[in-house]
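A short worksheet on the structure shown next.
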Amino acid sequence: KHRRFADKESDFIAFVNLWNYLKEQQKVLSNSQLRKQCRQEFLNYLRIREWQDVYTQLRQVVKEQGIPVNSEPADYKSVHLSLLSGLLSHVGQKDTEKQEFTGARNARFSVFPGSGLFKKPPKWVMVAELVETSRLWGRIAAKIEPEWIEPLAPHLVKYHYSEPHWEKSQGAVMAMEKVTLYGLPVVAGRPVNYGNIDPALCRELFIRHALVEGDWLTRHAFFRENQKLRNEVEELEHKSRRRDILVDDETLFSFYDTRLPPDIISSRHFDNWWKRERLQKPDFLNYEKNMLIRSDANQVTAQDYPNYWYQGDLKFRLSYQFEPGTEADGVTVHIPLPVLNQVSPEGFDWQIPGLREELVIALIKSLPKPVRRNFVPAPNYAGAFMERVPEPQGALLDALERELRRMTGVTVDRESWQLDQIPAHLKITFRITGDKQKKLAEGYDLEALKLSLKEQVQQTLSDVVDDGIEQSGAHIWRFGDIPGCYEQKRGGYAVKAYPALVDEKQSVGIKVFETEFEQQLAMQAGTRRLLLLNIPSPIKYLHEKLPNKAKLGLYFNPYGKVLDLIDDCIACGVDKLIAQYGGVVWQEDKFAQLQEFVRAELNETVVGIAKLVEQILTTTFAISKRLKGRIDMQMAFALSDIKAQMSGLVFPGFVTAHGWQRLPDILRYLQGIERRIEKLVSDVNRDRANMSKIEHVQNLWKQWQGKLPPVEKRRPEAEAVRWMIEELRISLFAQQLGTPYPVSDKRIIQAMEQISG
């Protein structure tokens, strides 16, 4: 009967519901009927009449006082705020682990089982009374919000403060405020301005964080100049890798402490004071550089620690970082992506002047102990080297080896330097940047970075050239003159691209390249293809002029078709005639002249090349024939080496790949193989000893070549090493054929070292 009046959030509202119910019943029932109904619904009629009498008396008192009576029902909050003002000692906070509440002075009570809040008690309640029987019960309960309490009990709550700290966005010192009522945390952690609570501490924190550390949002000119000056001194520390140049924070604190009035505790107070003070003393709060530098900073000069690195016409920003263990610790050179193709590794191995001597010391200390003992103490030899070579000359290791040999007579082999032991901060870091200085890649190996970003560089170069320069599908020269270099300003840098003809097999196109060397390679192939597309084939003439023996010899080829071999010979003949003419051409009129020259000379030139190729193929066929059949196991390794050598000399496309200059040498190398096979039968052991030398050099060559970028492998000086190995084979296995220059395994290793720098 009573449950219908219950409210899930407040037992007090249940009384209001009952009051409203009784008012409605009085309107329709007589007194005797109401009395009877109360008895049926377990309500005490006399208590109800007393309740109504008290209400009437209160209403009369209110009217006599002139207080207006509200015509609309009050909301939940208003009703319970009125009750809460008299029940402040009867509030409770729910225990998260138990069905209990913590009340005033740490009392523990539970909501009475007859309450509408018993099954789902809220986080905060107030109760009309606390009754202790078997335990302490809170009777007639209601849900409340903790923020209602503080405005009602300013005379009872207590305030506690913790964690005072500088707040940059507020421009003031803030703290966390905790409000308690009889020990209950009404407000757990509220950020408040700490200025009125502890002005002295606020002043100190304002000076330390805002002025000394620069953690402040302000536009004051003195602040900006001071931060700039401090950054300059901090940069000196990064450059010189020291932490004792900038004065400590206490010195800077004292500077401001002696100048600021005692009532400056926040940004607002400072702004009001400085607005008047700066009119009379505009430089009153400005640092002087001398006061920021502790000692010995004059040793750090702009010459030793430059802000820019110059390479030819290029200028790159340098940054310094003194953070041991991080990736960019030391010196970092910032290279924009559009000019990456113009940067070479030359010079970077010398480091900046300020770190050069330390680098030389580290290099000497990296040597194996038997070698290093010749250069002790290392700092003395490094100092002597710096005096002898004050400016970079060639590669650093070349200069260091030369000067150490002059000082001691000891020769240091290139393999002795253990570069992996050099501290990271002594190696220059290359940072490749894109738009808005965004980092694209970073590392110590410039060539590896170039290789990894090759496609992006190519796209960048294509973007800067004018529309119409890059094209494809051309069969005749109708695109005007091709510029040797295309240059355009981009972001303060001169971006250079190198256009050239490219071979598209059935046509030619124009594409831009990163380097002049790549341009030359492409232009050679593109020019050859364009000439072949516009000159009658010399196959008919070749068929008439070649002897029958030569024609038959051409069938001993590694191709599926003889025509493929003939096309290879024709392409090689075109290359030869281009060289005889003076090289590739870039103008339309000169290409026409070149075309006429090649047309006139191609037939005879191809016949000469075909005769030489016939000799090569005939010799190859003869060698292959001797390698077939049963093989003596003692000769197996040698014959396997011969097959591998032949596969590198004669293969599909070998005529153009090796070039017309190299064809006589190919024939000589094959003749050398024949001499080797003749000697092999009589002296297997000697052949094996010579082969071990070849294997050693060849393994070193493969490792060395594996470290070269693809384009660098095609440079003449790099390809020359491969042919030096072939000449070494001649000197070891067929000395009677002779070599065009002295050759040995040591000379080949030295040649590789010189190219590597």
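Within each chain, counting starts at residue 1; across the structure tokens, chains are named A, B, ... in the order shown, with ligands numbered 1 upward in that order.
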Leaving out Pro536 of chain A and any residue of its chain fewer than 6 positions from it, which residues lie within 12 Å of it when counting only C-alpha atoms, given as a list in words?
-> Ile570, Gln595, Glu596, Val598, Arg599, Ala600, Glu601, Leu602 and Asn603 of chain A
Could you name the residues that touch Arg686 of chain A at 12 Å or less, counting only C-alpha atoms, but leaving out those on the same chain fewer than 4 positions away, as JSON, numbers by chain?
-> {"A": [635, 638, 676, 679, 680, 681, 682, 690, 691, 692, 693, 732, 733]}
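For segment 190-193 of chain A, the list of residues within 8 Å, based on only C-alpha atoms and with local chain neighbours fewer than 4 positions off taken out, reads Ala172, Val173, Met174, Ala175, Met176, Glu177 and Lys178 of chain A.
Look at Leu667 of chain A: the protein and nucleic acid residues within 9 Å of it, using only C-alpha atoms and passing over chain neighbours fewer than 3 places away, are Leu612, Val613, Gln615, Ile616, Leu617, Thr619, Thr620, Arg662, Leu663, Pro664, Leu670, Gln671 and Gly672 of chain A.
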Contacts of Gly484 of chain A at 10 Å or less, counting only C-alpha atoms, minus same-chain residues fewer than 2 places along, as a PyMOL selection string?
-> chain A and resi 481-482+486+497-500+516+519-520+586
Report as an MDAnalysis selection string: the residues of segment 466-516 of chain A with a DSSP assignment of strand (DSSP E), based on the backbone of this structure.
-> chainID A and resid 471:474 486:490 493:503 508:513
